[in-house]
>>> print(open('data34.txt').read())   # compact mmCIF, C-alpha atoms and all ligand atoms
# COMPACT_ATOMS: atom_id res chain seq x y z
CA MET A 170 0.00 0.00 0.00
CA THR A 171 1.81 3.10 -1.18
CA THR A 172 0.22 6.44 -1.73
CA ALA A 173 1.47 8.78 -4.38
CA ARG A 174 2.63 11.12 -1.65
CA GLN A 175 4.67 8.40 0.08
CA ALA A 176 6.31 7.60 -3.26
CA GLY A 177 7.25 11.25 -3.74
CA LEU A 178 4.60 11.75 -6.41
CA VAL A 179 1.56 13.96 -6.79
CA THR A 180 -1.71 12.72 -8.28
CA CYS A 181 -3.75 14.83 -10.70
CA ARG A 182 -7.31 14.79 -9.38
CA THR A 183 -8.71 15.44 -12.85
CA CYS A 184 -6.97 12.81 -14.99
CA ALA A 185 -5.32 10.55 -12.36
CA ARG A 186 -1.81 10.72 -13.80
CA VAL A 187 1.06 11.01 -11.32
CA TRP A 188 3.96 13.45 -11.49
CA PRO A 189 7.07 14.15 -9.42
CA MET A 190 6.17 15.98 -6.20
CA GLN A 191 7.39 19.43 -7.23
CA THR A 192 5.44 19.52 -10.53
CA GLU A 193 3.23 22.58 -10.70
CA SER A 194 0.64 21.63 -13.29
CA CYS A 195 -0.41 18.40 -14.93
CA GLY A 196 1.32 17.76 -18.25
CA ARG A 197 -1.66 15.84 -19.51
CA CYS A 198 -4.73 17.90 -18.62
CA GLY A 199 -3.16 21.17 -17.47
CA MET A 200 -4.74 21.34 -14.03
CA PRO A 201 -2.66 22.76 -11.17
CA LEU A 202 -1.32 19.94 -9.01
CA THR A 203 -1.45 19.77 -5.24
CA SER A 204 -0.66 16.72 -3.18
CA ARG A 205 -3.41 17.84 -0.80
CA GLU A 206 -5.55 20.90 -1.46
CA PRO A 207 -4.04 23.70 0.61
CA MET A 208 -6.52 25.27 3.03
CA SER A 209 -9.08 22.63 2.05
CA LEU A 210 -10.86 22.62 5.40
CA GLN A 211 -10.82 26.40 5.77
CA ARG A 212 -12.49 26.77 2.37
CA VAL A 213 -14.99 24.03 3.24
CA TRP A 214 -16.00 25.89 6.40
CA ALA A 215 -16.14 29.29 4.68
CA TRP A 216 -18.56 28.08 1.98
CA TRP A 217 -20.44 25.97 4.55
CA LEU A 218 -21.05 29.02 6.73
CA ALA A 219 -22.07 31.16 3.74
CA GLY A 220 -24.54 28.43 2.73
CA LEU A 221 -25.97 28.20 6.22
CA VAL A 222 -26.34 31.98 6.52
CA CYS A 223 -28.34 32.01 3.26
CA TYR A 224 -30.41 28.99 4.27
CA ILE A 225 -32.02 30.86 7.18
CA PRO A 226 -33.71 33.67 5.18
CA ALA A 227 -34.50 31.06 2.52
CA ASN A 228 -36.83 29.45 5.01
CA LEU A 229 -38.22 32.60 6.62
CA TYR A 230 -39.16 34.62 3.53
CA PRO A 231 -41.64 33.57 0.83
CA MET A 232 -40.44 31.66 -2.22
CA LEU A 233 -43.60 32.40 -4.18
CA VAL A 234 -46.17 35.17 -4.04
CA THR A 235 -49.44 34.06 -5.67
CA GLU A 236 -52.06 36.67 -6.48
CA THR A 237 -55.50 35.75 -7.74
CA LEU A 238 -58.66 37.83 -8.13
CA THR A 239 -59.69 37.16 -4.59
CA SER A 240 -56.60 36.33 -2.66
CA ARG A 241 -52.90 36.73 -2.19
CA SER A 242 -50.70 34.11 -0.61
CA ASP A 243 -47.06 33.99 0.34
CA ASP A 244 -45.57 30.51 0.29
CA THR A 245 -42.40 29.67 2.15
CA ILE A 246 -40.54 26.48 1.25
CA ILE A 247 -42.23 24.37 3.90
CA GLY A 248 -45.57 26.16 3.46
CA GLY A 249 -45.49 25.36 -0.26
CA ALA A 250 -44.87 21.68 0.41
CA ILE A 251 -47.72 21.55 2.94
CA GLU A 252 -49.98 23.23 0.39
CA ILE A 253 -49.19 20.55 -2.19
CA ALA A 254 -49.78 17.81 0.36
CA ARG A 255 -53.19 19.31 1.26
CA HIS A 256 -54.21 18.90 -2.37
CA GLY A 257 -53.49 15.21 -2.05
CA ASP A 258 -50.28 15.02 -4.08
CA LEU A 259 -48.24 13.42 -1.36
CA GLY A 260 -45.58 12.13 -3.75
CA ILE A 261 -44.82 15.57 -5.16
CA ALA A 262 -44.96 17.14 -1.68
CA LEU A 263 -42.42 14.55 -0.59
CA ILE A 264 -40.11 15.38 -3.52
CA VAL A 265 -40.21 19.08 -2.60
CA LEU A 266 -39.62 18.36 1.09
CA ILE A 267 -36.71 16.03 0.36
CA ALA A 268 -35.08 18.38 -2.15
CA SER A 269 -35.55 21.61 -0.21
CA VAL A 270 -35.41 20.59 3.45
CA PHE A 271 -34.06 17.09 3.91
CA ILE A 272 -31.13 17.29 1.44
CA PRO A 273 -29.83 20.74 2.55
CA VAL A 274 -29.99 19.83 6.25
CA ILE A 275 -28.31 16.44 5.68
CA LYS A 276 -25.68 18.23 3.60
CA PHE A 277 -24.81 20.75 6.31
CA ILE A 278 -24.53 17.99 8.89
CA ALA A 279 -22.56 15.61 6.66
CA ILE A 280 -20.05 18.17 5.37
CA GLY A 281 -19.53 19.43 8.92
CA TYR A 282 -19.02 15.88 10.16
CA LEU A 283 -16.51 15.07 7.38
CA ALA A 284 -14.51 18.25 7.99
CA LEU A 285 -14.47 17.65 11.76
CA SER A 286 -13.50 13.99 11.39
CA VAL A 287 -10.50 14.99 9.27
CA ARG A 288 -9.61 17.76 11.69
CA MET A 289 -9.69 15.31 14.62
CA ARG A 290 -7.57 12.88 12.57
CA SER A 291 -10.19 10.19 12.87
CA GLN A 292 -9.08 6.72 11.81
CA LYS A 293 -12.55 5.25 11.88
CA THR A 294 -14.59 4.00 8.91
CA PRO A 295 -12.75 5.74 6.08
CA VAL A 296 -14.65 3.81 3.39
CA ALA A 297 -18.00 4.83 4.89
CA ARG A 298 -16.87 8.48 5.07
CA MET A 299 -15.72 8.31 1.46
CA HIS A 300 -19.15 6.99 0.44
CA LEU A 301 -20.83 9.72 2.46
CA PHE A 302 -18.78 12.31 0.57
CA GLU A 303 -19.78 10.82 -2.79
CA VAL A 304 -23.45 10.79 -1.82
CA ILE A 305 -23.24 14.43 -0.71
CA GLU A 306 -21.66 15.46 -4.01
CA PHE A 307 -24.34 13.57 -5.92
CA ILE A 308 -27.48 14.77 -4.12
CA GLY A 309 -26.51 18.41 -3.52
CA ARG A 310 -27.59 19.61 -6.97
CA TRP A 311 -31.10 18.24 -6.55
CA SER A 312 -31.98 21.03 -4.13
CA MET A 313 -32.19 23.34 -7.13
CA ILE A 314 -35.63 21.85 -7.95
CA ASP A 315 -37.48 24.45 -5.88
CA VAL A 316 -35.57 27.30 -7.50
CA PHE A 317 -36.47 26.00 -10.96
CA VAL A 318 -40.12 25.60 -9.94
CA VAL A 319 -40.21 29.23 -8.86
CA ALA A 320 -38.58 30.33 -12.13
CA ILE A 321 -41.02 28.23 -14.19
CA LEU A 322 -44.13 29.41 -12.34
CA SER A 323 -43.13 33.08 -12.42
CA ALA A 324 -42.76 32.87 -16.20
CA LEU A 325 -45.85 30.76 -16.72
CA VAL A 326 -48.51 32.20 -14.47
CA GLN A 327 -48.87 35.70 -15.84
CA LEU A 328 -52.59 35.71 -16.64
CA SER A 329 -53.24 39.44 -16.33
CA VAL A 330 -55.67 39.97 -13.45
CA VAL A 331 -56.85 36.37 -13.14
CA ALA A 332 -53.73 35.08 -11.48
CA SER A 333 -50.09 35.90 -11.27
CA ILE A 334 -47.12 34.40 -9.49
CA GLN A 335 -44.03 36.37 -8.51
CA PRO A 336 -40.80 35.06 -7.05
CA GLY A 337 -40.12 35.96 -3.43
CA PRO A 338 -36.81 36.96 -1.84
CA ALA A 339 -36.28 33.42 -0.53
CA ALA A 340 -35.67 32.21 -4.11
CA LEU A 341 -32.40 34.12 -4.28
CA ALA A 342 -31.34 33.13 -0.76
CA PHE A 343 -32.11 29.48 -1.41
CA ALA A 344 -30.32 29.39 -4.79
CA LEU A 345 -27.23 30.94 -3.18
CA SER A 346 -27.40 28.48 -0.28
CA VAL A 347 -27.45 25.50 -2.70
CA ILE A 348 -24.58 26.90 -4.79
CA PHE A 349 -22.45 27.76 -1.73
CA THR A 350 -22.88 24.27 -0.24
CA MET A 351 -21.93 22.75 -3.62
CA PHE A 352 -18.73 24.83 -3.46
CA SER A 353 -18.23 23.69 0.13
CA ALA A 354 -18.39 20.01 -0.88
CA LYS A 355 -16.13 20.70 -3.86
CA SER A 356 -13.53 22.31 -1.59
CA PHE A 357 -13.25 19.15 0.49
CA ASP A 358 -10.22 17.07 -0.48
CA PRO A 359 -11.27 13.45 0.18
CA ARG A 360 -7.62 12.35 0.21
CA LEU A 361 -7.45 13.89 3.69
CA ILE A 362 -9.75 11.13 4.98
CA TRP A 363 -7.02 8.55 4.34
CA ASP A 364 -3.98 10.42 5.59
CA TYR A 365 -4.12 9.48 9.27
CA LEU A 366 -4.82 5.79 8.89
CA PRO A 367 -2.22 3.48 10.41
CA SER A 368 -0.30 1.99 7.49
CA ARG A 369 -1.20 -1.66 7.12
CA ALA A 370 1.60 -3.66 5.59
CA GLY A 371 0.88 -6.59 3.34
CA GLN A 372 -2.35 -5.23 1.89
CA GLY A 373 -1.71 -5.67 -1.80
CA ALA A 374 -3.04 -3.10 -4.20
CA SER A 375 -3.37 -3.97 -7.83
CA MET X 155 1.62 -4.87 -6.94
CA ALA X 156 5.25 -4.11 -7.60
CA SER X 157 6.65 -1.20 -5.65
CA PRO X 158 6.10 2.07 -7.52
CA GLN X 159 9.81 2.49 -8.12
CA ASP X 160 9.82 -0.51 -10.47
CA VAL X 161 7.07 0.78 -12.72
CA PRO X 162 7.53 3.61 -15.25
CA ARG X 163 5.70 6.67 -13.98
CA ALA X 164 3.47 6.82 -17.07
CA GLU X 165 2.05 3.41 -16.14
CA LEU X 166 1.06 4.46 -12.63
CA ILE X 167 -2.38 5.73 -11.80
CA GLY X 168 -3.12 7.61 -8.60
CA CYS X 169 -6.56 7.32 -7.03
CA PRO X 170 -8.09 10.82 -7.19
CA ASN X 171 -10.03 10.15 -3.98
CA CYS X 172 -7.48 8.48 -1.68
CA ASP X 173 -4.10 8.98 -3.41
CA LEU X 174 -3.28 5.26 -3.48
CA LEU X 175 -0.94 4.28 -6.32
CA HIS X 176 -1.90 1.52 -8.70
CA HIS X 177 -0.29 -0.02 -11.72
CA ALA X 178 -2.50 1.02 -14.67
CA LYS X 179 -2.60 -2.36 -16.31
CA HIS X 180 -4.51 -3.03 -19.47
CA VAL X 181 -8.17 -3.34 -18.56
CA ALA X 182 -10.31 -5.45 -20.87
CA ASP X 183 -13.26 -3.89 -22.59
CA GLY X 184 -16.32 -3.86 -20.35
CA GLU X 185 -14.29 -4.55 -17.19
CA ARG X 186 -13.45 -2.12 -14.43
CA ALA X 187 -10.37 -1.40 -12.37
CA ILE X 188 -11.36 -0.28 -8.88
CA CYS X 189 -9.22 1.33 -6.20
CA SER X 190 -8.41 -1.38 -3.69
CA ARG X 191 -8.76 1.00 -0.77
CA CYS X 192 -11.70 3.33 -1.43
CA HIS X 193 -13.42 1.48 -4.32
CA THR X 194 -13.39 4.48 -6.68
CA VAL X 195 -13.67 3.28 -10.30
CA LEU X 196 -10.31 4.10 -11.86
CA ILE X 197 -10.53 2.62 -15.35
CA ALA X 198 -13.60 1.28 -17.17
CA PRO X 199 -13.03 1.17 -20.92
CA ARG X 200 -15.98 0.71 -23.26
CA ALA X 201 -15.38 -0.20 -26.87
CA ALA X 202 -17.28 1.95 -29.35
CA ALA X 203 -17.89 4.44 -26.53
CA TYR X 204 -16.43 7.29 -28.59
CA ASN X 205 -18.73 6.77 -31.57
CA ARG X 206 -21.78 6.53 -29.40
CA ALA X 207 -20.79 9.45 -27.17
CA LEU X 208 -20.08 11.57 -30.24
CA ALA X 209 -23.43 10.73 -31.82
CA LEU X 210 -25.25 11.43 -28.55
CA SER X 211 -23.39 14.71 -28.03
CA VAL X 212 -24.47 15.93 -31.47
CA ALA X 213 -28.03 14.84 -30.67
CA ASN X 214 -27.84 16.72 -27.33
CA LEU X 215 -26.65 19.84 -29.11
CA ILE X 216 -29.65 19.73 -31.46
CA LEU X 217 -32.03 19.00 -28.58
CA VAL X 218 -30.83 21.93 -26.48
CA VAL X 219 -31.07 24.38 -29.38
CA ALA X 220 -34.53 23.09 -30.37
CA ALA X 221 -35.71 23.23 -26.75
CA VAL X 222 -34.95 26.96 -26.55
CA PHE X 223 -37.52 27.80 -29.19
CA HIS X 224 -40.36 25.53 -28.09
CA PRO X 225 -42.64 25.94 -25.08
CA PHE X 226 -42.10 23.44 -22.27
CA LEU X 227 -45.34 24.20 -20.46
CA GLU X 228 -48.62 25.81 -21.42
CA ILE X 229 -51.32 27.06 -19.14
CA HIS X 230 -55.07 27.34 -19.74
CA ALA X 231 -57.07 29.45 -17.36
CA ALA X 232 -60.22 31.53 -17.78
CA GLY X 233 -59.90 31.48 -21.55
CA ILE X 234 -56.31 32.68 -21.48
CA VAL X 235 -53.53 30.51 -22.87
CA ASN X 236 -49.93 31.18 -22.01
CA ARG X 237 -47.02 29.14 -23.39
CA VAL X 238 -43.56 29.55 -21.95
CA SER X 239 -40.19 28.71 -23.37
CA LEU X 240 -36.89 28.90 -21.55
CA LEU X 241 -36.28 32.33 -22.99
CA ASP X 242 -39.33 33.50 -21.03
CA VAL X 243 -37.91 31.95 -17.88
CA ALA X 244 -34.67 33.83 -18.41
CA THR X 245 -36.57 37.09 -18.31
CA SER X 246 -39.21 36.13 -15.75
CA PHE X 247 -37.63 37.44 -12.58
CA GLY X 248 -38.27 41.00 -13.58
CA SER X 249 -35.85 43.28 -11.86
CA GLY X 250 -33.36 43.54 -9.08
CA ALA X 251 -31.36 40.81 -7.42
CA LEU X 252 -33.83 38.12 -8.48
CA VAL X 253 -32.62 38.45 -12.07
CA VAL X 254 -29.52 36.61 -10.87
CA VAL X 255 -31.72 33.61 -10.08
CA SER X 256 -33.35 33.42 -13.50
CA VAL X 257 -30.08 33.93 -15.35
CA THR X 258 -28.34 31.28 -13.22
CA SER X 259 -31.24 28.88 -13.73
CA VAL X 260 -31.17 29.23 -17.50
CA ALA X 261 -27.39 28.87 -17.54
CA MET X 262 -27.67 25.57 -15.65
CA ILE X 263 -30.54 24.30 -17.79
CA LEU X 264 -29.36 25.46 -21.25
CA LEU X 265 -25.93 27.02 -21.47
CA VAL X 266 -23.92 24.47 -19.48
CA PRO X 267 -25.48 21.41 -21.21
CA LEU X 268 -24.96 23.15 -24.57
CA LEU X 269 -21.29 23.90 -23.92
CA ARG X 270 -20.71 20.39 -22.57
CA ALA X 271 -22.18 18.84 -25.73
CA VAL X 272 -20.08 21.09 -27.99
CA PHE X 273 -16.81 20.57 -26.12
CA LEU X 274 -17.30 16.84 -25.77
CA ALA X 275 -18.06 16.43 -29.48
CA TYR X 276 -14.97 18.51 -30.26
CA ALA X 277 -12.72 16.37 -28.04
CA LEU X 278 -14.19 13.03 -29.09
CA ALA X 279 -14.68 13.51 -32.85
CA PRO X 280 -11.01 12.85 -33.72
CA LEU X 281 -10.96 9.80 -31.43
CA ALA X 282 -14.11 8.40 -33.01
CA LEU X 283 -12.93 9.17 -36.56
CA GLN X 284 -9.33 8.16 -35.77
CA HIS X 285 -7.90 11.52 -36.72
CA ARG X 286 -5.29 13.52 -34.91
CA ALA X 287 -6.63 15.36 -31.87
CA TYR X 288 -7.85 18.89 -32.59
CA PRO X 289 -5.94 21.74 -30.95
CA GLY X 290 -7.33 22.44 -27.48
CA ALA X 291 -8.99 19.03 -27.23
CA ARG X 292 -7.50 18.48 -23.77
CA TRP X 293 -8.85 21.78 -22.53
CA ALA X 294 -12.26 20.98 -24.03
CA PHE X 295 -12.46 17.56 -22.37
CA ARG X 296 -11.29 18.92 -19.02
CA VAL X 297 -13.92 21.66 -19.06
CA THR X 298 -16.58 19.09 -19.94
CA GLN X 299 -15.68 17.11 -16.82
CA GLN X 300 -15.57 20.19 -14.61
CA MET X 301 -18.96 21.46 -15.77
CA LYS X 302 -20.67 18.14 -15.08
CA PRO X 303 -22.29 18.96 -11.71
CA TRP X 304 -23.59 22.29 -13.02
CA ALA X 305 -25.62 20.81 -15.89
CA MET X 306 -29.10 20.37 -14.46
CA THR X 307 -31.46 19.30 -17.25
CA GLU X 308 -32.85 16.32 -15.35
CA ILE X 309 -33.54 18.44 -12.28
CA PHE X 310 -35.36 20.95 -14.46
CA ALA X 311 -37.53 18.17 -15.95
CA ILE X 312 -38.62 17.11 -12.45
CA GLY X 313 -39.19 20.80 -11.65
CA CYS X 314 -41.67 21.01 -14.56
CA ALA X 315 -43.65 18.13 -13.07
CA VAL X 316 -43.70 19.80 -9.65
CA ALA X 317 -44.83 23.09 -11.22
CA LEU X 318 -47.63 21.26 -12.99
CA VAL X 319 -48.99 19.91 -9.72
CA LYS X 320 -48.47 23.13 -7.84
CA VAL X 321 -50.87 25.20 -9.92
CA ALA X 322 -53.31 22.36 -10.59
CA ASP X 323 -56.09 24.15 -8.69
CA LEU X 324 -55.36 27.48 -10.35
CA ALA X 325 -55.27 26.41 -13.97
CA ARG X 326 -54.80 23.50 -16.35
CA LEU X 327 -51.23 22.87 -17.44
CA ASN X 328 -49.91 20.82 -20.34
CA PHE X 329 -46.39 19.77 -21.17
CA GLY X 330 -45.04 21.34 -24.35
CA PRO X 331 -42.60 19.77 -26.82
CA ALA X 332 -39.53 21.22 -25.08
CA PHE X 333 -40.40 19.26 -21.92
CA TRP X 334 -40.13 15.96 -23.81
CA MET X 335 -36.91 17.16 -25.42
CA PHE X 336 -35.52 17.72 -21.93
CA ILE X 337 -36.55 14.21 -20.85
CA VAL X 338 -34.71 12.72 -23.86
CA LEU X 339 -31.76 15.07 -23.29
CA SER X 340 -31.47 14.00 -19.63
CA ALA X 341 -31.41 10.33 -20.65
CA PHE X 342 -28.80 10.97 -23.35
CA VAL X 343 -26.57 12.96 -20.98
CA LEU X 344 -26.74 10.08 -18.49
CA LEU X 345 -25.84 7.57 -21.22
CA VAL X 346 -22.87 9.66 -22.39
CA ASP X 347 -21.48 10.23 -18.90
CA ARG X 348 -21.84 6.56 -18.01
CA SER X 349 -20.05 5.33 -21.12
CA LEU X 350 -17.04 7.64 -20.83
CA CYS X 351 -13.93 6.43 -19.04
CA SER X 352 -11.81 9.44 -18.14
CA TRP X 353 -8.51 7.49 -17.99
CA SER X 354 -9.07 5.87 -21.40
CA ILE X 355 -9.94 9.19 -23.03
CA TRP X 356 -6.89 10.93 -21.60
CA ALA X 357 -4.73 8.06 -22.81
CA ALA X 358 -6.40 8.19 -26.24
CA LEU X 359 -5.85 11.97 -26.42
CA ASP X 360 -2.16 11.42 -25.55
CA GLU X 361 -1.93 8.96 -28.42
CA ALA X 362 -3.94 11.03 -30.86
CA GLU X 363 -1.59 13.96 -30.32
CA GLN X 364 1.55 11.95 -30.81
CA GLU X 365 0.86 10.85 -34.34
CA PRO X 366 3.53 11.59 -36.96
CA GLY X 367 4.01 15.22 -37.69
CA ARG X 368 2.75 16.34 -34.32
CA GLY X 369 4.68 17.34 -31.26
CA THR X 370 4.62 15.21 -28.16
CA ALA X 371 2.47 15.93 -25.16
CA PRO X 372 3.46 19.16 -23.41
CA ALA X 373 6.16 18.68 -20.84
CA PRO X 374 5.10 19.19 -17.24
CA THR X 375 6.18 22.45 -15.70
CA VAL X 376 8.49 21.98 -12.76
CA ARG X 377 9.24 24.47 -10.07
CA PRO X 378 12.85 25.64 -10.16
ZN ZN E 401 -4.20 15.86 -15.09
ZN ZN E 402 -8.83 5.16 -3.78
>>> encode(input="data34.txt", output="structure tokens")
Amino acid sequence: MTTARQAGLVTCRTCARVWPMQTESCGRCGMPLTSREPMSLQRVWAWWLAGLVCYIPANLYPMLVTETLTSRSDDTIIGGAIEIARHGDLGIALIVLIASVFIPVIKFIAIGYLALSVRMRSQKTPVARMHLFEVIEFIGRWSMIDVFVVAILSALVQLSVVASIQPGPAALAFALSVIFTMFSAKSFDPRLIWDYLPSRAGQGAS
Amino acid sequence: MASPQDVPRAELIGCPNCDLLHHAKHVADGERAICSRCHTVLIAPRAAAYNRALALSVANLILVVAAVFHPFLEIHAAGIVNRVSLLDVATSFGSGALVVVSVTSVAMILLVPLLRAVFLAYALAPLALQHRAYPGARWAFRVTQQMKPWAMTEIFAIGCAVALVKVADLARLNFGPAFWMFIVLSAFVLLVDRSLCSWSIWAALDEAEQEPGRGTAPAPTVRP
């Protein structure tokens, strides 16, 4: 079991080729090379915090403002999901709840846990933590559903006085929160998970 | 595995996720080489992947362009019909800071998938047609990989379905042709991304640039 770093090499995270440690950029794909991303955890926390700060107004302010002849309603993220559920579309309500509430909250917790575990030099369950990181990277984008729904409805429901839908301030806050947490996950260098493991001799790699 | 000192550096592959070194042996078509420590797929060559990926990329390009000009949803309410295309979405957030949201949305739904299709076709065409690599092919392929998480056609398609349900009591909505184009596009993008093996393509680009009459791959820059 030898890592590139132990062999005096640096791995390109884009194309997987290895170069001598001091190489500045990959000769194959041109990406800058770093054995471990410098300041990885600091950047993770900075984007994480920015995402969290945006997530609060995203839940307090309305995503959608619906005006009809007789009424006007402001829907927050959770309010909108409850509204859909009241109409009997439990499946769709569940999709919205998962994408807009469940995924962002899980993401904040999971990224925080990964960054802390690396900081505390945890040696436990590296494979499970690696999988967690992959899941986080995969599901993060799906939170954009609610933003797209707001964009679609604001363009679509412009029926003069009969009904109109306008985006609320939470749409911007929520979009920023999703994008910032995607940056946060991207800033995490998963190679850090493996750095503090006790080296186990005799484990052949092929 | 032999110790890394015994293997030429060009034959080593480092795991992008855990930094473990492996010997990049020849992997048979349809098989996969997986990192022994973190199980990341390192090499997974697919024969004929270039032809198919090229054909699908061209199809994606046509789909994205066609989808711009067709409505993806139409609404019927109180005798009024309104059809919206993505161009309407781009301009829907009126004024102020919310414009950022509509512009970002349209970039993720249209612009990023469009650029990915163009760049991928550009990088893969010489590999599929067995020509020399076009200038900038490496850059084009790298950008395609980097843009991957920001292309959100499939998420937009689900968003259309949610929107349909959300205003069900307000008006009657129908899917327009662009919606179905996005469904097909999402499936094609998934097929392309699944069939492409990054390591094999980089190796093929190395080869395609080293054909007679061409220079060798650029030398790595080393700090003094
Ligand atoms: Zn590289
Ligand atoms: Zn690995």
>>> axis_aligned_box(input="data34.txt", around="segment 320-328 of chain A", padding_each_side="8 Å", output="JSON")
{"center_x": -45.6, "center_y": 32.0, "center_z": -14.4, "size_x": 30.0, "size_y": 23.5, "size_z": 20.6}
>>> closest_residue(input="data34.txt", among="A:Ser204, A:Thr180, A:Ser240, A:Thr172", to="ligand ZN 401 (chain E)", atoms="only C-alpha atoms and all ligand atoms")
A:Thr180
>>> atom_distance(input="data34.txt", atom1="atom CA of Val234 of chain A", atom2="atom CA of Gln335 of chain A")
5.1 Å
>>> residues_near_ligand(input="data34.txt", ligand="ligand ZN 402 (chain E)", cutoff="12 Å", atoms="only C-alpha atoms and all ligand atoms", output="number ranges by chain")
A: 170-173, 180, 182, 185, 295-296, 299-300, 359-364, 374-375; X: 167-176, 187-197
>>> residues_near_ligand(input="data34.txt", ligand="ligand ZN 401 (chain E)", cutoff="6 Å", atoms="only C-alpha atoms and all ligand atoms", output="MDAnalysis selection string")
chainID A and resid 181 183:184 186 195 197:200
>>> build_atoms(input="data34.txt", residues="segment 288-301 of chain X", atoms="N, CA and C atoms", output="CSV table (one decimal), keeping the file's coordinate frame")
chain,number,residue,atom,x,y,z
X,288,TYR,N,-7.8,17.5,-32.2
X,288,TYR,CA,-7.8,18.9,-32.6
X,288,TYR,C,-7.1,19.7,-31.5
X,289,PRO,N,-6.6,20.9,-31.9
X,289,PRO,CA,-5.9,21.7,-31.0
X,289,PRO,C,-6.9,22.1,-29.8
X,290,GLY,N,-6.5,22.1,-28.6
X,290,GLY,CA,-7.3,22.4,-27.5
X,290,GLY,C,-8.3,21.3,-27.0
X,291,ALA,N,-8.1,20.1,-27.6
X,291,ALA,CA,-9.0,19.0,-27.2
X,291,ALA,C,-8.9,18.7,-25.7
X,292,ARG,N,-7.7,18.8,-25.2
X,292,ARG,CA,-7.5,18.5,-23.8
X,292,ARG,C,-8.3,19.5,-22.9
X,293,TRP,N,-8.1,20.7,-23.3
X,293,TRP,CA,-8.8,21.8,-22.5
X,293,TRP,C,-10.4,21.5,-22.6
X,294,ALA,N,-10.8,21.2,-23.8
X,294,ALA,CA,-12.3,21.0,-24.0
X,294,ALA,C,-12.8,19.8,-23.2
X,295,PHE,N,-12.0,18.7,-23.1
X,295,PHE,CA,-12.5,17.6,-22.4
X,295,PHE,C,-12.4,17.9,-20.9
X,296,ARG,N,-11.4,18.6,-20.4
X,296,ARG,CA,-11.3,18.9,-19.0
X,296,ARG,C,-12.5,19.8,-18.6
X,297,VAL,N,-12.8,20.8,-19.4
X,297,VAL,CA,-13.9,21.7,-19.1
X,297,VAL,C,-15.2,20.9,-19.0
X,298,THR,N,-15.4,19.9,-20.0
X,298,THR,CA,-16.6,19.1,-19.9
X,298,THR,C,-16.7,18.4,-18.6
X,299,GLN,N,-15.6,17.8,-18.1
X,299,GLN,CA,-15.7,17.1,-16.8
X,299,GLN,C,-16.0,18.1,-15.7
X,300,GLN,N,-15.4,19.3,-15.7
X,300,GLN,CA,-15.6,20.2,-14.6
X,300,GLN,C,-17.0,20.7,-14.6
X,301,MET,N,-17.6,20.9,-15.7
X,301,MET,CA,-19.0,21.5,-15.8
X,301,MET,C,-20.1,20.5,-15.4
